[in-house]
>>> print(open('my_file-v4.csv').read())   # CSV, C-alpha atoms
chain,number,residue,atom,x,y,z
T,19,MET,CA,8.5,-8.0,-16.2
T,20,VAL,CA,8.3,-4.6,-14.6
T,21,TRP,CA,4.5,-5.1,-14.0
T,22,PHE,CA,5.2,-8.3,-12.1
T,23,LYS,CA,7.8,-6.3,-10.0
T,24,ALA,CA,5.3,-3.6,-9.4
T,25,PHE,CA,2.6,-6.1,-8.2
T,26,ALA,CA,5.1,-8.0,-6.1
T,27,SER,CA,6.4,-4.7,-4.6
T,28,GLY,CA,2.9,-3.6,-3.6
T,29,PHE,CA,2.1,-7.1,-2.2
T,30,LEU,CA,5.3,-7.3,-0.2
T,31,ALA,CA,5.0,-3.6,1.0
T,32,THR,CA,1.6,-4.5,2.4
T,33,LEU,CA,3.0,-7.4,4.4
T,34,VAL,CA,6.2,-5.7,5.6
T,35,PHE,CA,5.6,-1.9,5.7
T,36,HIS,CA,1.8,-1.5,6.1
T,37,GLN,CA,1.2,-4.4,8.5
T,38,GLY,CA,4.5,-3.7,10.2
T,39,LEU,CA,3.5,-0.2,11.1
T,40,PHE,CA,0.0,-1.5,11.9
T,41,ALA,CA,1.7,-3.9,14.4
T,42,LEU,CA,3.4,-1.0,16.0
T,43,PHE,CA,0.2,0.9,16.3
T,44,TRP,CA,-1.5,-2.2,17.8
T,45,LEU,CA,1.4,-2.8,20.3
T,46,GLY,CA,1.1,0.9,21.3
T,47,GLY,CA,-2.6,0.5,21.9
T,48,ILE,CA,-3.5,3.0,19.1
T,49,VAL,CA,-5.6,0.5,17.2
T,50,PRO,CA,-7.8,-2.2,18.7
T,51,ALA,CA,-7.4,-4.9,15.9
T,52,ALA,CA,-4.3,-7.0,15.6
T,53,PRO,CA,-2.3,-7.0,12.4
T,54,PHE,CA,-2.0,-9.9,10.0
T,55,ASN,CA,-5.7,-10.7,10.3
T,56,LEU,CA,-6.2,-14.3,9.0
T,57,SER,CA,-10.0,-14.3,9.1
T,58,PRO,CA,-11.5,-15.5,5.8
T,59,VAL,CA,-13.1,-12.9,3.6
T,60,PRO,CA,-15.8,-13.6,0.9
T,61,PRO,CA,-16.2,-14.6,-1.8
T,62,LEU,CA,-13.1,-16.9,-1.9
T,63,GLY,CA,-12.4,-17.2,1.8
T,64,VAL,CA,-8.8,-16.1,1.6
T,65,PRO,CA,-7.3,-14.6,4.8
T,66,GLN,CA,-8.0,-10.9,5.1
T,67,VAL,CA,-4.3,-10.0,5.1
T,68,VAL,CA,-3.8,-11.9,1.8
T,69,SER,CA,-6.7,-10.1,0.3
T,70,LEU,CA,-5.3,-6.8,1.5
T,71,ALA,CA,-1.8,-7.7,0.0
T,72,PHE,CA,-3.4,-8.7,-3.3
T,73,PHE,CA,-5.1,-5.2,-3.6
T,74,GLY,CA,-1.7,-3.7,-2.4
T,75,GLY,CA,-0.2,-5.4,-5.4
T,76,LEU,CA,-2.8,-3.9,-7.8
T,77,TRP,CA,-2.2,-0.5,-6.2
T,78,GLY,CA,1.6,-1.1,-6.7
T,79,MET,CA,1.0,-1.5,-10.4
T,80,LEU,CA,-1.0,1.8,-10.5
T,81,LEU,CA,1.8,3.6,-8.6
T,82,TRP,CA,4.3,2.3,-11.2
T,83,LEU,CA,2.0,3.5,-14.0
T,84,ILE,CA,1.8,7.0,-12.5
T,85,LEU,CA,5.3,7.3,-11.0
T,86,GLY,CA,7.6,4.9,-12.7
T,87,ARG,CA,9.1,7.5,-14.9
T,88,LEU,CA,10.3,9.6,-12.0
T,89,ALA,CA,13.7,9.5,-10.5
T,90,GLY,CA,15.5,10.8,-7.4
T,91,VAL,CA,13.5,12.7,-4.7
T,92,LYS,CA,10.4,12.9,-7.0
T,93,PHE,CA,10.3,9.1,-7.2
T,94,TRP,CA,10.5,8.6,-3.4
T,95,LEU,CA,8.2,11.5,-2.4
T,96,GLY,CA,5.7,10.7,-5.1
T,97,HIS,CA,5.3,7.1,-3.8
T,98,VAL,CA,4.8,8.4,-0.3
T,99,ILE,CA,2.3,11.0,-1.3
T,100,VAL,CA,0.3,9.1,-3.9
T,101,GLY,CA,0.6,5.9,-1.7
T,102,ALA,CA,-0.9,7.8,1.2
T,103,VAL,CA,-3.7,9.7,-0.6
T,104,GLY,CA,-4.9,7.3,-3.3
T,105,PRO,CA,-5.6,4.1,-1.3
T,106,THR,CA,-6.8,6.1,1.7
T,107,ALA,CA,-9.3,8.2,-0.3
T,108,VAL,CA,-10.7,5.0,-1.9
T,109,ALA,CA,-10.9,3.2,1.4
T,110,MET,CA,-12.6,6.1,3.3
T,111,LEU,CA,-14.9,7.3,0.5
T,112,VAL,CA,-15.8,3.9,-1.1
T,113,VAL,CA,-14.8,0.8,0.8
T,114,PHE,CA,-15.6,1.8,4.4
T,115,PRO,CA,-19.1,3.1,3.5
T,116,LEU,CA,-19.9,0.0,1.5
T,117,LYS,CA,-18.9,-2.2,4.5
T,118,GLY,CA,-20.8,0.0,6.9
T,119,LEU,CA,-17.6,1.1,8.8
T,120,ASP,CA,-17.3,4.4,10.5
T,121,VAL,CA,-15.1,7.1,8.9
T,122,SER,CA,-13.6,9.6,11.2
T,123,ALA,CA,-10.6,12.0,11.4
T,124,GLN,CA,-8.7,9.2,13.2
T,125,THR,CA,-9.3,6.7,10.4
T,126,TRP,CA,-8.2,9.3,7.8
T,127,VAL,CA,-5.0,10.1,9.7
T,128,GLY,CA,-4.3,6.4,10.4
T,129,GLY,CA,-5.0,5.5,6.7
T,130,LEU,CA,-2.7,8.3,5.5
T,131,LEU,CA,0.1,7.2,7.8
T,132,LEU,CA,-0.2,3.5,7.0
T,133,ASN,CA,-0.6,4.0,3.3
T,134,GLY,CA,2.1,6.6,3.0
T,135,PHE,CA,4.5,4.1,4.7
T,136,TRP,CA,3.2,1.4,2.3
T,137,GLY,CA,4.0,3.7,-0.6
T,138,LEU,CA,7.5,4.1,0.7
T,139,GLY,CA,7.7,0.3,0.9
T,140,VAL,CA,6.6,0.0,-2.8
T,141,ALA,CA,9.4,2.3,-3.8
T,142,VAL,CA,11.9,0.4,-1.7
T,143,PHE,CA,10.9,-3.0,-3.2
T,144,MET,CA,10.9,-1.6,-6.7
T,145,ARG,CA,14.4,-0.4,-6.3
T,146,LEU,CA,15.5,-3.6,-4.7
T,147,MET,CA,14.1,-5.5,-7.7
T,148,GLY,CA,16.1,-3.2,-10.0
T,149,ALA,CA,13.2,-1.2,-11.5
T,150,LYS,CA,14.4,2.1,-12.8
T,151,ALA,CA,13.0,5.0,-14.8
T,152,PRO,CA,13.4,4.8,-18.5
T,153,VAL,CA,16.7,6.4,-19.8
T,154,GLY,CA,16.3,10.1,-20.5
T,155,VAL,CA,13.1,10.4,-18.4
T,156,ARG,CA,13.3,12.2,-15.0
>>> encode(input="my_file-v4.csv", output="structure tokens")
Amino acid sequence: MVWFKAFASGFLATLVFHQGLFALFWLGGIVPAAPFNLSPVPPLGVPQVVSLAFFGGLWGMLLWLILGRLAGVKFWLGHVIVGAVGPTAVAMLVVFPLKGLDVSAQTWVGGLLLNGFWGLGVAVFMRLMGAKAPVGVR
């Protein structure tokens, strides 16, 4: 059940935290693309934001695997840091080049901010769903 919670936390954190902050960036004129992109993506033609949220769910499971045993400040800070660095590094070093997208200091900073906030969201949703570190593990 905890793995479903981790997936759901990552999925929801993408829609609420990641896309919420992205919406603020868009409203502030910081990014040119609107949030909640509904354009279909191959191969299944699902909306881009749903695809992003699905991968957010997978990343949420990875965060739980790495950080689920932590408690207190380590739990929260770990989610922000690993959430910021992991997905951003994969996006900038693998995904963007494969898609022919430019990688710049601005995309790195934006990715770290968005994904760090997403990581915080994963931690929030995990706690709201009652997930806790195993007894005796801190």
>>> closest_atom_pairs(input="my_file-v4.csv", of="segment 32-142 of chain T", to="segment 146-150 of chain T", cutoff="10 Å", atoms="all atoms listed in the file", output="JSON lines")
{"residue": "T:Trp82", "atom": "CA", "partner": "T:Ala149", "partner_atom": "CA", "distance": 9.6}
{"residue": "T:Gly86", "atom": "CA", "partner": "T:Lys150", "partner_atom": "CA", "distance": 7.4}
{"residue": "T:Arg87", "atom": "CA", "partner": "T:Lys150", "partner_atom": "CA", "distance": 7.9}
{"residue": "T:Leu88", "atom": "CA", "partner": "T:Lys150", "partner_atom": "CA", "distance": 8.6}
{"residue": "T:Ala89", "atom": "CA", "partner": "T:Lys150", "partner_atom": "CA", "distance": 7.8}
{"residue": "T:Phe93", "atom": "CA", "partner": "T:Lys150", "partner_atom": "CA", "distance": 9.9}
{"residue": "T:Val140", "atom": "CA", "partner": "T:Leu146", "partner_atom": "CA", "distance": 9.8}
{"residue": "T:Ala141", "atom": "CA", "partner": "T:Leu146", "partner_atom": "CA", "distance": 8.5}
{"residue": "T:Val142", "atom": "CA", "partner": "T:Leu146", "partner_atom": "CA", "distance": 6.2}
>>> atom_distance(input="my_file-v4.csv", atom1="atom CA of Gly137 of chain T", atom2="atom CA of Pro53 of chain T")
18.0 Å
>>> closest_residue(input="my_file-v4.csv", among="T:Val121, T:Ala107, T:Val112, T:Val34", to="Val67 of chain T", atoms="only C-alpha atoms")
T:Val34
>>> atom_distance(input="my_file-v4.csv", atom1="atom CA of Asn55 of chain T", atom2="atom CA of Leu111 of chain T")
22.5 Å
>>> residues_around(input="my_file-v4.csv", residues="Trp136 of chain T", least_positions_apart="3", cutoff="8 Å", atoms="only C-alpha atoms", output="list in words")
Gly28, Ala31, Thr32, Phe35, His36, Val98, Gly101, Ala102, Leu132, Asn133, Gly139 and Val140 of chain T
>>> closest_residue(input="my_file-v4.csv", among="T:Pro105, T:Gly47, T:Met19, T:Leu119", to="Leu76 of chain T", atoms="all atoms listed in the file")
T:Pro105
>>> residues_around(input="my_file-v4.csv", residues="Gly128 of chain T", least_positions_apart="6", cutoff="10 Å", atoms="all atoms listed in the file", output="VMD selection string")
chain T and resid 40 43 48 to 49 102 106 122 134
>>> atom_distance(input="my_file-v4.csv", atom1="atom CA of Phe72 of chain T", atom2="atom CA of Ser27 of chain T")
10.7 Å
>>> closest_residue(input="my_file-v4.csv", among="T:Ala26, T:Leu138, T:Leu42, T:Val68", to="His97 of chain T", atoms="all atoms listed in the file")
T:Leu138
>>> closest_residue(input="my_file-v4.csv", among="T:Val100, T:Leu95, T:Ala109, T:Ala41", to="Leu81 of chain T", atoms="only C-alpha atoms")
T:Val100
>>> closest_residue(input="my_file-v4.csv", among="T:Val91, T:Leu70, T:Leu33, T:Pro61", to="Phe135 of chain T", atoms="only C-alpha atoms")
T:Leu33
>>> closest_residue(input="my_file-v4.csv", among="T:Leu80, T:Leu131, T:Leu85, T:Asp120", to="Gly38 of chain T", atoms="all atoms listed in the file")
T:Leu131
>>> decode(input="my_file-v4.csv", residues="segment 125-136 of chain T", atoms="all heavy atoms", output="mmCIF file, in the first residue's frame")
data_model
loop_
_atom_site.group_PDB
_atom_site.id
_atom_site.type_symbol
_atom_site.label_atom_id
_atom_site.label_comp_id
_atom_site.auth_asym_id
_atom_site.auth_seq_id
_atom_site.Cartn_x
_atom_site.Cartn_y
_atom_site.Cartn_z
ATOM 1 N N THR T 125 17.335 26.878 -17.636
ATOM 2 C CA THR T 125 16.553 25.641 -17.539
ATOM 3 C C THR T 125 16.986 24.822 -16.320
ATOM 4 O O THR T 125 16.150 24.194 -15.675
ATOM 5 C CB THR T 125 16.646 24.786 -18.818
ATOM 6 O OG1 THR T 125 18.014 24.484 -19.091
ATOM 7 C CG2 THR T 125 16.008 25.484 -20.000
ATOM 8 N N TRP T 126 18.275 24.853 -15.997
ATOM 9 C CA TRP T 126 18.753 24.161 -14.794
ATOM 10 C C TRP T 126 18.142 24.777 -13.537
ATOM 11 O O TRP T 126 17.626 24.066 -12.679
ATOM 12 C CB TRP T 126 20.279 24.204 -14.702
ATOM 13 C CG TRP T 126 20.963 23.088 -15.419
ATOM 14 C CD1 TRP T 126 21.480 23.120 -16.683
ATOM 15 C CD2 TRP T 126 21.195 21.765 -14.935
ATOM 16 N NE1 TRP T 126 22.018 21.898 -17.004
ATOM 17 C CE2 TRP T 126 21.861 21.044 -15.950
ATOM 18 C CE3 TRP T 126 20.912 21.116 -13.744
ATOM 19 C CZ2 TRP T 126 22.249 19.717 -15.803
ATOM 20 C CZ3 TRP T 126 21.293 19.784 -13.595
ATOM 21 C CH2 TRP T 126 21.947 19.105 -14.618
ATOM 22 N N VAL T 127 18.211 26.096 -13.432
ATOM 23 C CA VAL T 127 17.672 26.774 -12.242
ATOM 24 C C VAL T 127 16.164 26.564 -12.148
ATOM 25 O O VAL T 127 15.629 26.246 -11.080
ATOM 26 C CB VAL T 127 18.035 28.277 -12.247
ATOM 27 C CG1 VAL T 127 17.298 29.026 -11.148
ATOM 28 C CG2 VAL T 127 19.539 28.451 -12.089
ATOM 29 N N GLY T 128 15.474 26.736 -13.267
ATOM 30 C CA GLY T 128 14.032 26.515 -13.273
ATOM 31 C C GLY T 128 13.678 25.087 -12.890
ATOM 32 O O GLY T 128 12.753 24.854 -12.105
ATOM 33 N N GLY T 129 14.427 24.133 -13.421
ATOM 34 C CA GLY T 129 14.195 22.726 -13.093
ATOM 35 C C GLY T 129 14.429 22.435 -11.623
ATOM 36 O O GLY T 129 13.633 21.732 -10.988
ATOM 37 N N LEU T 130 15.507 22.985 -11.074
ATOM 38 C CA LEU T 130 15.791 22.763 -9.654
ATOM 39 C C LEU T 130 14.693 23.354 -8.769
ATOM 40 O O LEU T 130 14.275 22.729 -7.780
ATOM 41 C CB LEU T 130 17.156 23.349 -9.292
ATOM 42 C CG LEU T 130 18.363 22.608 -9.870
ATOM 43 C CD1 LEU T 130 19.644 23.423 -9.685
ATOM 44 C CD2 LEU T 130 18.511 21.229 -9.243
ATOM 45 N N LEU T 131 14.215 24.543 -9.115
ATOM 46 C CA LEU T 131 13.137 25.167 -8.329
ATOM 47 C C LEU T 131 11.836 24.369 -8.437
ATOM 48 O O LEU T 131 11.204 24.050 -7.424
ATOM 49 C CB LEU T 131 12.908 26.607 -8.785
ATOM 50 C CG LEU T 131 14.004 27.611 -8.450
ATOM 51 C CD1 LEU T 131 13.742 28.936 -9.147
ATOM 52 C CD2 LEU T 131 14.094 27.814 -6.949
ATOM 53 N N LEU T 132 11.419 24.073 -9.663
ATOM 54 C CA LEU T 132 10.170 23.335 -9.871
ATOM 55 C C LEU T 132 10.219 21.956 -9.227
ATOM 56 O O LEU T 132 9.278 21.535 -8.542
ATOM 57 C CB LEU T 132 9.882 23.184 -11.365
ATOM 58 C CG LEU T 132 9.400 24.429 -12.095
ATOM 59 C CD1 LEU T 132 9.438 24.202 -13.599
ATOM 60 C CD2 LEU T 132 8.007 24.805 -11.645
ATOM 61 N N ASN T 133 11.309 21.248 -9.433
ATOM 62 C CA ASN T 133 11.401 19.886 -8.925
ATOM 63 C C ASN T 133 11.651 19.833 -7.426
ATOM 64 O O ASN T 133 11.214 18.895 -6.756
ATOM 65 C CB ASN T 133 12.456 19.098 -9.703
ATOM 66 C CG ASN T 133 12.012 18.849 -11.127
ATOM 67 O OD1 ASN T 133 10.838 18.622 -11.390
ATOM 68 N ND2 ASN T 133 12.950 18.905 -12.064
ATOM 69 N N GLY T 134 12.327 20.830 -6.883
ATOM 70 C CA GLY T 134 12.467 20.903 -5.424
ATOM 71 C C GLY T 134 11.114 21.123 -4.765
ATOM 72 O O GLY T 134 10.783 20.501 -3.748
ATOM 73 N N PHE T 135 10.311 21.994 -5.365
ATOM 74 C CA PHE T 135 8.962 22.240 -4.853
ATOM 75 C C PHE T 135 8.099 20.989 -5.020
ATOM 76 O O PHE T 135 7.296 20.645 -4.150
ATOM 77 C CB PHE T 135 8.351 23.454 -5.573
ATOM 78 C CG PHE T 135 7.188 24.061 -4.849
ATOM 79 C CD1 PHE T 135 7.291 24.486 -3.533
ATOM 80 C CD2 PHE T 135 5.974 24.237 -5.491
ATOM 81 C CE1 PHE T 135 6.212 25.048 -2.861
ATOM 82 C CE2 PHE T 135 4.886 24.807 -4.846
ATOM 83 C CZ PHE T 135 5.009 25.211 -3.523
ATOM 84 N N TRP T 136 8.281 20.289 -6.143
ATOM 85 C CA TRP T 136 7.592 19.016 -6.356
ATOM 86 C C TRP T 136 7.975 18.024 -5.254
ATOM 87 O O TRP T 136 7.109 17.335 -4.702
ATOM 88 C CB TRP T 136 7.946 18.449 -7.741
ATOM 89 C CG TRP T 136 7.535 17.025 -7.908
ATOM 90 C CD1 TRP T 136 6.296 16.554 -8.257
ATOM 91 C CD2 TRP T 136 8.353 15.873 -7.696
ATOM 92 N NE1 TRP T 136 6.304 15.182 -8.275
ATOM 93 C CE2 TRP T 136 7.557 14.745 -7.936
ATOM 94 C CE3 TRP T 136 9.690 15.695 -7.333
ATOM 95 C CZ2 TRP T 136 8.051 13.459 -7.824
ATOM 96 C CZ3 TRP T 136 10.177 14.408 -7.220
ATOM 97 C CH2 TRP T 136 9.365 13.300 -7.455
#
